[in-house]
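Have a look at structure-v6.tsv; it's TSV, C-alpha atoms:
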```tsv
chain	number	residue	atom	x	y	z
K	1	MET	CA	-35.37	2.80	-102.98
K	2	LYS	CA	-31.95	4.39	-103.47
K	3	ILE	CA	-30.46	3.62	-106.89
K	4	LEU	CA	-26.65	3.60	-106.92
K	5	HIS	CA	-26.10	2.56	-110.56
K	6	GLU	CA	-28.31	1.83	-113.55
K	7	ASP	CA	-27.58	0.90	-117.16
K	8	ASN	CA	-29.28	-1.18	-119.85
K	9	HIS	CA	-28.52	-4.47	-118.10
K	10	LEU	CA	-28.11	-3.74	-114.39
K	11	ILE	CA	-29.68	-1.82	-111.56
K	12	ILE	CA	-27.82	-1.57	-108.24
K	13	VAL	CA	-29.60	-0.31	-105.12
K	14	ASN	CA	-28.87	0.47	-101.47
K	15	LYS	CA	-31.13	-1.83	-99.47
K	16	ALA	CA	-32.61	-0.57	-96.21
K	17	PRO	CA	-32.61	-3.00	-93.25
K	18	SER	CA	-36.40	-3.45	-93.36
K	19	GLU	CA	-36.50	-4.46	-97.02
K	20	ILE	CA	-36.42	-7.97	-98.46
K	21	VAL	CA	-34.63	-8.77	-101.70
K	22	GLN	CA	-36.99	-11.51	-102.84
K	23	GLY	CA	-40.50	-12.58	-101.84
K	24	ASP	CA	-40.81	-14.68	-98.67
K	25	LYS	CA	-43.47	-16.07	-96.33
K	26	THR	CA	-44.09	-12.62	-94.79
K	27	GLY	CA	-45.87	-11.54	-97.96
K	28	ASP	CA	-44.12	-8.15	-97.80
K	29	LYS	CA	-43.35	-6.56	-101.16
K	30	PRO	CA	-39.74	-7.40	-102.11
K	31	LEU	CA	-37.24	-5.07	-103.76
K	32	SER	CA	-37.46	-7.14	-106.95
K	33	GLU	CA	-41.15	-6.14	-107.31
K	34	ILE	CA	-40.49	-2.51	-106.36
K	35	ILE	CA	-37.84	-2.34	-109.08
K	36	LYS	CA	-40.23	-3.86	-111.64
K	37	GLU	CA	-42.77	-1.15	-110.86
K	38	TYR	CA	-40.08	1.54	-111.12
K	39	LEU	CA	-38.86	0.23	-114.50
K	40	LYS	CA	-42.39	-0.12	-115.85
K	41	GLU	CA	-43.20	3.48	-114.94
K	42	LYS	CA	-39.85	5.05	-115.91
K	43	TYR	CA	-39.68	3.43	-119.34
K	44	ASN	CA	-43.44	3.24	-119.91
K	45	LYS	CA	-43.21	-0.50	-120.55
K	46	PRO	CA	-46.33	-2.49	-121.39
K	47	GLY	CA	-46.76	-5.99	-120.00
K	48	ASN	CA	-44.33	-7.75	-117.69
K	49	VAL	CA	-40.96	-6.25	-116.76
K	50	PHE	CA	-37.86	-8.38	-116.15
K	51	CYS	CA	-35.92	-8.06	-112.89
K	52	GLY	CA	-33.56	-10.89	-111.97
K	53	VAL	CA	-32.22	-11.50	-108.45
K	54	THR	CA	-28.46	-12.16	-108.62
K	55	HIS	CA	-27.70	-12.44	-104.88
K	56	ARG	CA	-29.34	-11.76	-101.53
K	57	LEU	CA	-28.86	-9.88	-98.28
K	58	ASP	CA	-30.49	-10.92	-95.01
K	59	ARG	CA	-33.50	-8.75	-94.18
K	60	PRO	CA	-31.91	-6.94	-91.18
K	61	THR	CA	-28.76	-6.20	-93.21
K	62	SER	CA	-28.37	-3.03	-95.28
K	63	GLY	CA	-26.30	-2.17	-98.32
K	64	VAL	CA	-25.57	-2.80	-101.96
K	65	VAL	CA	-27.63	-5.30	-103.98
K	66	VAL	CA	-27.35	-5.98	-107.72
K	67	PHE	CA	-30.37	-6.84	-109.89
K	68	ALA	CA	-30.35	-7.80	-113.56
K	69	LYS	CA	-32.59	-6.03	-116.06
K	70	THR	CA	-31.97	-8.63	-118.79
K	71	SER	CA	-31.84	-12.43	-118.83
K	72	LYS	CA	-28.38	-12.26	-120.45
K	73	ALA	CA	-27.01	-10.21	-117.53
K	74	LEU	CA	-28.73	-12.47	-114.97
K	75	SER	CA	-27.25	-15.65	-116.40
K	76	ARG	CA	-23.74	-14.21	-116.58
K	77	LEU	CA	-23.91	-12.60	-113.13
K	78	ASN	CA	-25.13	-15.85	-111.59
K	79	ASP	CA	-22.05	-17.56	-113.02
K	80	MET	CA	-19.80	-14.74	-111.78
K	81	PHE	CA	-21.13	-14.96	-108.23
K	82	ARG	CA	-20.79	-18.75	-108.31
K	83	ASN	CA	-17.19	-18.50	-109.55
K	84	GLY	CA	-16.11	-15.85	-107.06
K	85	GLU	CA	-15.67	-13.14	-109.69
K	86	VAL	CA	-17.60	-10.54	-107.68
K	87	ASP	CA	-15.80	-8.75	-104.82
K	88	LYS	CA	-17.96	-7.69	-101.89
K	89	THR	CA	-16.84	-5.77	-98.81
K	90	TYR	CA	-18.95	-5.48	-95.67
K	91	TRP	CA	-18.76	-3.25	-92.61
K	92	ALA	CA	-19.86	-4.68	-89.27
K	93	VAL	CA	-20.17	-3.03	-85.86
K	94	VAL	CA	-19.38	-5.41	-83.00
K	95	LYS	CA	-19.47	-4.97	-79.21
K	96	ASN	CA	-16.28	-6.87	-78.38
K	97	ARG	CA	-12.84	-6.25	-79.81
K	98	PRO	CA	-11.49	-9.32	-81.63
K	99	GLU	CA	-8.24	-10.82	-80.29
K	100	LYS	CA	-6.46	-9.90	-83.51
K	101	ASP	CA	-6.93	-6.60	-85.35
K	102	GLU	CA	-6.76	-8.51	-88.64
K	103	ASP	CA	-7.29	-12.19	-89.35
K	104	LYS	CA	-8.54	-14.88	-91.70
K	105	LEU	CA	-11.35	-16.98	-90.24
K	106	THR	CA	-12.05	-20.51	-91.43
K	107	HIS	CA	-14.99	-22.45	-90.03
K	108	TYR	CA	-17.35	-25.20	-91.08
K	109	LEU	CA	-20.99	-24.13	-91.07
K	110	ILE	CA	-24.20	-26.11	-90.93
K	111	LYS	CA	-27.63	-24.56	-91.38
K	112	ASN	CA	-30.60	-25.47	-89.19
K	113	GLU	CA	-33.67	-25.03	-91.41
K	114	LYS	CA	-36.08	-25.03	-88.44
K	115	ASN	CA	-34.69	-21.93	-86.76
K	116	ASN	CA	-32.98	-20.44	-89.84
K	117	LYS	CA	-29.65	-20.29	-88.06
K	118	SER	CA	-26.14	-21.54	-88.84
K	119	THR	CA	-23.67	-23.09	-86.42
K	120	ALA	CA	-19.89	-22.80	-86.88
K	121	TYR	CA	-17.40	-25.55	-86.06
K	122	GLU	CA	-13.61	-25.41	-85.93
K	123	ILE	CA	-13.29	-28.76	-87.71
K	124	GLU	CA	-15.18	-30.30	-90.60
K	125	LYS	CA	-18.25	-32.35	-89.66
K	126	PRO	CA	-20.85	-34.21	-91.73
K	127	HIS	CA	-23.02	-31.87	-93.86
K	128	THR	CA	-20.99	-28.76	-93.00
K	129	LYS	CA	-19.75	-26.27	-95.60
K	130	LYS	CA	-16.39	-24.53	-95.44
K	131	ALA	CA	-16.65	-20.78	-94.73
K	132	VAL	CA	-13.75	-18.35	-95.11
K	133	LEU	CA	-13.60	-14.61	-94.51
K	134	HIS	CA	-10.99	-11.95	-93.86
K	135	TYR	CA	-11.59	-9.10	-91.43
K	136	LYS	CA	-9.66	-6.09	-90.20
K	137	LEU	CA	-10.39	-3.56	-87.49
K	138	ILE	CA	-10.76	-0.16	-89.13
K	139	SER	CA	-12.20	2.02	-86.35
K	140	ALA	CA	-13.19	1.99	-82.69
K	141	SER	CA	-15.40	4.07	-80.40
K	142	GLN	CA	-15.70	3.86	-76.60
K	143	LYS	CA	-18.10	0.90	-76.77
K	144	TYR	CA	-18.00	-0.52	-80.29
K	145	PHE	CA	-15.60	-1.68	-82.98
K	146	LEU	CA	-15.92	-1.37	-86.76
K	147	LEU	CA	-14.69	-4.30	-88.84
K	148	GLU	CA	-14.21	-4.45	-92.60
K	149	ILE	CA	-14.93	-7.91	-93.99
K	150	ASP	CA	-14.10	-9.60	-97.28
K	151	LEU	CA	-15.75	-12.92	-98.08
K	152	GLU	CA	-14.05	-15.83	-99.79
K	153	THR	CA	-17.20	-17.95	-99.61
K	154	GLY	CA	-20.89	-17.12	-99.48
K	155	ARG	CA	-22.60	-19.23	-96.83
K	156	HIS	CA	-25.88	-18.81	-94.97
K	157	HIS	CA	-25.46	-16.08	-92.28
K	158	GLN	CA	-21.71	-16.51	-92.72
K	159	ILE	CA	-20.46	-13.18	-91.34
K	160	ARG	CA	-22.95	-13.19	-88.49
K	161	CYS	CA	-22.11	-16.75	-87.52
K	162	GLN	CA	-18.33	-16.56	-87.85
K	163	LEU	CA	-17.99	-13.29	-85.92
K	164	ALA	CA	-20.20	-14.68	-83.16
K	165	LYS	CA	-17.99	-17.78	-83.05
K	166	ILE	CA	-14.94	-15.63	-82.15
K	167	GLY	CA	-16.90	-13.78	-79.47
K	168	CYS	CA	-17.79	-10.71	-81.55
K	169	PRO	CA	-21.52	-10.83	-82.31
K	170	ILE	CA	-22.79	-8.02	-84.52
K	171	LYS	CA	-24.60	-5.19	-82.74
K	172	GLY	CA	-28.34	-5.86	-82.70
K	173	ASP	CA	-28.04	-9.48	-83.84
K	174	LEU	CA	-30.01	-11.29	-81.12
K	175	LYS	CA	-29.98	-14.53	-83.12
K	176	TYR	CA	-26.20	-14.72	-82.82
K	177	GLY	CA	-25.63	-13.49	-79.29
K	178	ALA	CA	-26.07	-9.70	-79.17
K	179	GLU	CA	-27.35	-8.48	-75.82
K	180	ARG	CA	-30.08	-6.27	-77.22
K	181	SER	CA	-31.75	-5.48	-80.54
K	182	ASN	CA	-31.37	-2.27	-82.52
K	183	PRO	CA	-34.43	0.02	-82.24
K	184	ASP	CA	-35.30	-0.36	-85.94
K	185	GLY	CA	-34.89	-4.15	-85.97
K	186	SER	CA	-31.71	-3.96	-88.04
K	187	ILE	CA	-28.37	-5.55	-87.32
K	188	SER	CA	-25.25	-3.41	-87.73
K	189	LEU	CA	-24.01	-5.18	-90.85
K	190	HIS	CA	-23.75	-3.21	-94.09
K	191	ALA	CA	-22.79	-4.42	-97.56
K	192	ARG	CA	-20.46	-1.48	-98.22
K	193	THR	CA	-18.96	-2.03	-101.68
K	194	ILE	CA	-19.26	-4.33	-104.66
K	195	SER	CA	-16.99	-4.54	-107.69
K	196	PHE	CA	-16.97	-6.72	-110.79
K	197	ILE	CA	-16.51	-6.67	-114.54
K	198	HIS	CA	-19.79	-5.76	-116.23
K	199	PRO	CA	-21.26	-9.00	-117.66
K	200	VAL	CA	-22.09	-7.37	-121.01
K	201	SER	CA	-20.03	-4.19	-121.54
K	202	LYS	CA	-16.93	-5.64	-119.75
K	203	GLU	CA	-16.35	-2.32	-117.99
K	204	LYS	CA	-15.22	-2.27	-114.34
K	205	ILE	CA	-18.16	-1.57	-112.05
K	206	GLU	CA	-17.47	-0.48	-108.47
K	207	VAL	CA	-20.25	0.82	-106.25
K	208	THR	CA	-20.22	2.01	-102.62
K	209	ALA	CA	-23.44	2.05	-100.62
K	210	PRO	CA	-23.91	5.03	-98.26
K	211	LEU	CA	-24.22	4.03	-94.61
K	212	PRO	CA	-27.60	3.93	-92.83
K	213	GLU	CA	-28.88	7.19	-91.35
K	214	GLU	CA	-28.08	6.17	-87.80
K	215	ASN	CA	-25.89	7.97	-85.26
K	216	LEU	CA	-23.38	5.19	-84.60
K	217	TRP	CA	-22.82	4.56	-88.33
K	218	ARG	CA	-22.38	8.29	-88.88
K	219	ALA	CA	-19.88	8.51	-86.03
K	220	PHE	CA	-17.84	5.65	-87.48
K	221	GLU	CA	-17.96	7.22	-90.93
K	222	ALA	CA	-16.56	10.45	-89.49
K	223	LEU	CA	-13.85	8.57	-87.56
K	224	ASN	CA	-12.90	6.63	-90.66
K	225	LYS	CA	-12.56	9.80	-92.74
K	226	GLN	CA	-10.28	11.32	-90.09
K	227	SER	CA	-7.98	8.29	-90.24
K	228	ASP	CA	-7.78	8.26	-94.07
```

Translate the structure of the given file into structure tokens.
Amino acid sequence: MKILHEDNHLIIVNKAPSEIVQGDKTGDKPLSEIIKEYLKEKYNKPGNVFCGVTHRLDRPTSGVVVFAKTSKALSRLNDMFRNGEVDKTYWAVVKNRPEKDEDKLTHYLIKNEKNNKSTAYEIEKPHTKKAVLHYKLISASQKYFLLEIDLETGRHHQIRCQLAKIGCPIKGDLKYGAERSNPDGSISLHARTISFIHPVSKEKIEVTAPLPEENLWRAFEALNKQSD
């Protein structure tokens, strides 16, 4: 577990693609439990330790995740996420170049509970939810393209589904049309940065999650630094 920020109320970590944020039917130990064990040992706490889940990342996705160490922080952060007061930026590697180097995508998504997959429509249909994101092309290699994505809404598999809808499935994402999986079972989607006003101290918090230790991510990181 890589800790990116910790204070009295928050702990922010860089999730690896194999990790789950919260317990699920796999029975694998979630990050929330790993953090509880860490806090119990570090602060020598007797009894139960509090660790609140404020938001989630899909299992094959990597990057920044915020947990609350106090119920006060959890309650306020939940409201902040709900009200769009938390800014999140993602990086995604896609095989196909989008038609536009920068665009706003608006679709209407519906989730299929049976196969845990969302479908995007151009027009509103019964039971769909509006999904809006902004993307821009920030780097390109011979075979792949790196997009930076800002979300306006937070829907199930939103980035994966919307990029697939415009013909740009994320590398490794078999569920949404990628040709082959990544060797480690990840998809090339990384929650890169998060910024918000601290729910208790009111200070500005901005955290960037280092990229996965994988050659293509490293190559894009180097290309991006050259263009800065």

With all atoms listed in the file as the atoms that count, which of K:Ile166, K:Pro183, K:Val93, K:Asn112 lies nearest to Arg218 in chain K?
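Of the candidates, the smallest distance to Arg218 in chain K is held by K:Val93.
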
Can you tell me, as JSON, the centre and edge lengths (Å, one decimal) of the axis-aligned box enclosing all of range 100-118 of chain K's listed atoms after padding each side by 6 Å?
```
{"center_x": -21.3, "center_y": -16.4, "center_z": -87.6, "size_x": 41.6, "size_y": 31.5, "size_z": 20.2}
```

Selection as a ChimeraX atom specification: residues within 12 Å of (-28.1, -8.2, -115.2), counting all atoms listed in the file:
/K:5-12,50-55,65-81,197-201

Find the residues around Leu137 in chain K up to 7 Å (only C-alpha atoms counted), leave out those fewer than 3 positions away in its own chain, and share them as number ranges by chain.
K: 101-102, 146-148

Under the rule that only C-alpha atoms are counted, which of K:Gly84, K:Val49, K:Ala16, K:Ser139 is the nearest residue to Ala209 in chain K?
K:Ala16

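Taking CA of Asn96 in chain K and CA of Cys168 in chain K as endpoints, the distance between them is 5.2 Å.
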
8 Å contact set for Lys104 in chain K, all atoms listed in the file, chain neighbours under 4 positions out, as a list in words:
Val132, Leu133, His134 and Tyr135 of chain K

Can you spit out the residues from that selection as a PDB file, in the coordinates of the input, using C-alpha atoms?
```pdb
ATOM      1  CA  VAL K 132     -13.750 -18.350 -95.110  1.00  0.00           C
ATOM      2  CA  LEU K 133     -13.600 -14.610 -94.510  1.00  0.00           C
ATOM      3  CA  HIS K 134     -10.990 -11.950 -93.860  1.00  0.00           C
ATOM      4  CA  TYR K 135     -11.590  -9.100 -91.430  1.00  0.00           C
TER       5      TYR K 135
END
```

Residue neighbourhood range 57-61 of chain K, 12 Å, all atoms listed in the file, exclusion window fewer than 5 positions, as a PDB file with C-alpha atoms, in the coordinates of the input:
```pdb
ATOM      1  CA  VAL K  13     -29.600  -0.310-105.120  1.00  0.00           C
ATOM      2  CA  ASN K  14     -28.870   0.470-101.470  1.00  0.00           C
ATOM      3  CA  LYS K  15     -31.130  -1.830 -99.470  1.00  0.00           C
ATOM      4  CA  ALA K  16     -32.610  -0.570 -96.210  1.00  0.00           C
ATOM      5  CA  PRO K  17     -32.610  -3.000 -93.250  1.00  0.00           C
ATOM      6  CA  SER K  18     -36.400  -3.450 -93.360  1.00  0.00           C
ATOM      7  CA  GLU K  19     -36.500  -4.460 -97.020  1.00  0.00           C
ATOM      8  CA  ILE K  20     -36.420  -7.970 -98.460  1.00  0.00           C
ATOM      9  CA  VAL K  21     -34.630  -8.770-101.700  1.00  0.00           C
ATOM     10  CA  GLN K  22     -36.990 -11.510-102.840  1.00  0.00           C
ATOM     11  CA  GLY K  23     -40.500 -12.580-101.840  1.00  0.00           C
ATOM     12  CA  ASP K  24     -40.810 -14.680 -98.670  1.00  0.00           C
ATOM     13  CA  THR K  26     -44.090 -12.620 -94.790  1.00  0.00           C
ATOM     14  CA  ASP K  28     -44.120  -8.150 -97.800  1.00  0.00           C
ATOM     15  CA  PRO K  30     -39.740  -7.400-102.110  1.00  0.00           C
ATOM     16  CA  LEU K  31     -37.240  -5.070-103.760  1.00  0.00           C
ATOM     17  CA  VAL K  66     -27.350  -5.980-107.720  1.00  0.00           C
ATOM     18  CA  LYS K  88     -17.960  -7.690-101.890  1.00  0.00           C
ATOM     19  CA  TYR K  90     -18.950  -5.480 -95.670  1.00  0.00           C
ATOM     20  CA  TRP K  91     -18.760  -3.250 -92.610  1.00  0.00           C
ATOM     21  CA  ALA K  92     -19.860  -4.680 -89.270  1.00  0.00           C
ATOM     22  CA  VAL K  93     -20.170  -3.030 -85.860  1.00  0.00           C
ATOM     23  CA  ASN K 116     -32.980 -20.440 -89.840  1.00  0.00           C
ATOM     24  CA  LYS K 117     -29.650 -20.290 -88.060  1.00  0.00           C
ATOM     25  CA  GLY K 154     -20.890 -17.120 -99.480  1.00  0.00           C
ATOM     26  CA  ARG K 155     -22.600 -19.230 -96.830  1.00  0.00           C
ATOM     27  CA  HIS K 156     -25.880 -18.810 -94.970  1.00  0.00           C
ATOM     28  CA  HIS K 157     -25.460 -16.080 -92.280  1.00  0.00           C
ATOM     29  CA  GLN K 158     -21.710 -16.510 -92.720  1.00  0.00           C
ATOM     30  CA  ILE K 159     -20.460 -13.180 -91.340  1.00  0.00           C
ATOM     31  CA  ARG K 160     -22.950 -13.190 -88.490  1.00  0.00           C
ATOM     32  CA  ILE K 170     -22.790  -8.020 -84.520  1.00  0.00           C
ATOM     33  CA  LYS K 171     -24.600  -5.190 -82.740  1.00  0.00           C
ATOM     34  CA  GLY K 172     -28.340  -5.860 -82.700  1.00  0.00           C
ATOM     35  CA  ASP K 173     -28.040  -9.480 -83.840  1.00  0.00           C
ATOM     36  CA  LEU K 174     -30.010 -11.290 -81.120  1.00  0.00           C
ATOM     37  CA  LYS K 175     -29.980 -14.530 -83.120  1.00  0.00           C
ATOM     38  CA  SER K 181     -31.750  -5.480 -80.540  1.00  0.00           C
ATOM     39  CA  ASN K 182     -31.370  -2.270 -82.520  1.00  0.00           C
ATOM     40  CA  PRO K 183     -34.430   0.020 -82.240  1.00  0.00           C
ATOM     41  CA  ASP K 184     -35.300  -0.360 -85.940  1.00  0.00           C
ATOM     42  CA  GLY K 185     -34.890  -4.150 -85.970  1.00  0.00           C
ATOM     43  CA  SER K 186     -31.710  -3.960 -88.040  1.00  0.00           C
ATOM     44  CA  ILE K 187     -28.370  -5.550 -87.320  1.00  0.00           C
ATOM     45  CA  SER K 188     -25.250  -3.410 -87.730  1.00  0.00           C
ATOM     46  CA  LEU K 189     -24.010  -5.180 -90.850  1.00  0.00           C
ATOM     47  CA  HIS K 190     -23.750  -3.210 -94.090  1.00  0.00           C
ATOM     48  CA  ALA K 191     -22.790  -4.420 -97.560  1.00  0.00           C
ATOM     49  CA  ARG K 192     -20.460  -1.480 -98.220  1.00  0.00           C
ATOM     50  CA  LEU K 211     -24.220   4.030 -94.610  1.00  0.00           C
ATOM     51  CA  PRO K 212     -27.600   3.930 -92.830  1.00  0.00           C
TER      52      PRO K 212
END
```

Taking into account all atoms listed in the file, which residue in the set K:Ile35, K:Ala222, K:Met1, K:Val86 is nearest to Gly63 in chain K?
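Checking each candidate against Gly63 in chain K, we get K:Met1 as the closest.
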
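For the residues K:Ile149, K:Thr119, K:Glu124, K:Lys204, ranking by smallest atom-to-atom distance to Tyr176 in chain K using only C-alpha atoms places K:Thr119 first.
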
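Picture a line from CA of Arg82 in chain K to CA of Glu37 in chain K; it runs 28.3 Å.
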
Could you state the separation of CA of Arg97 in chain K and CA of Ile138 in chain K in Å, given to one decimal place?
11.3 Å

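Of the residues under consideration (K:Asn44, K:Asn115, K:Ser62, K:Gln162), K:Gln162 shows the shortest atom-to-atom contact distance to Lys130 in chain K when counting only C-alpha atoms.
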
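Between Val64 in chain K and the residues K:Ile194, K:Leu105, K:Leu223, K:Ile123, the shortest atom-to-atom distance, using all atoms listed in the file, involves K:Ile194.
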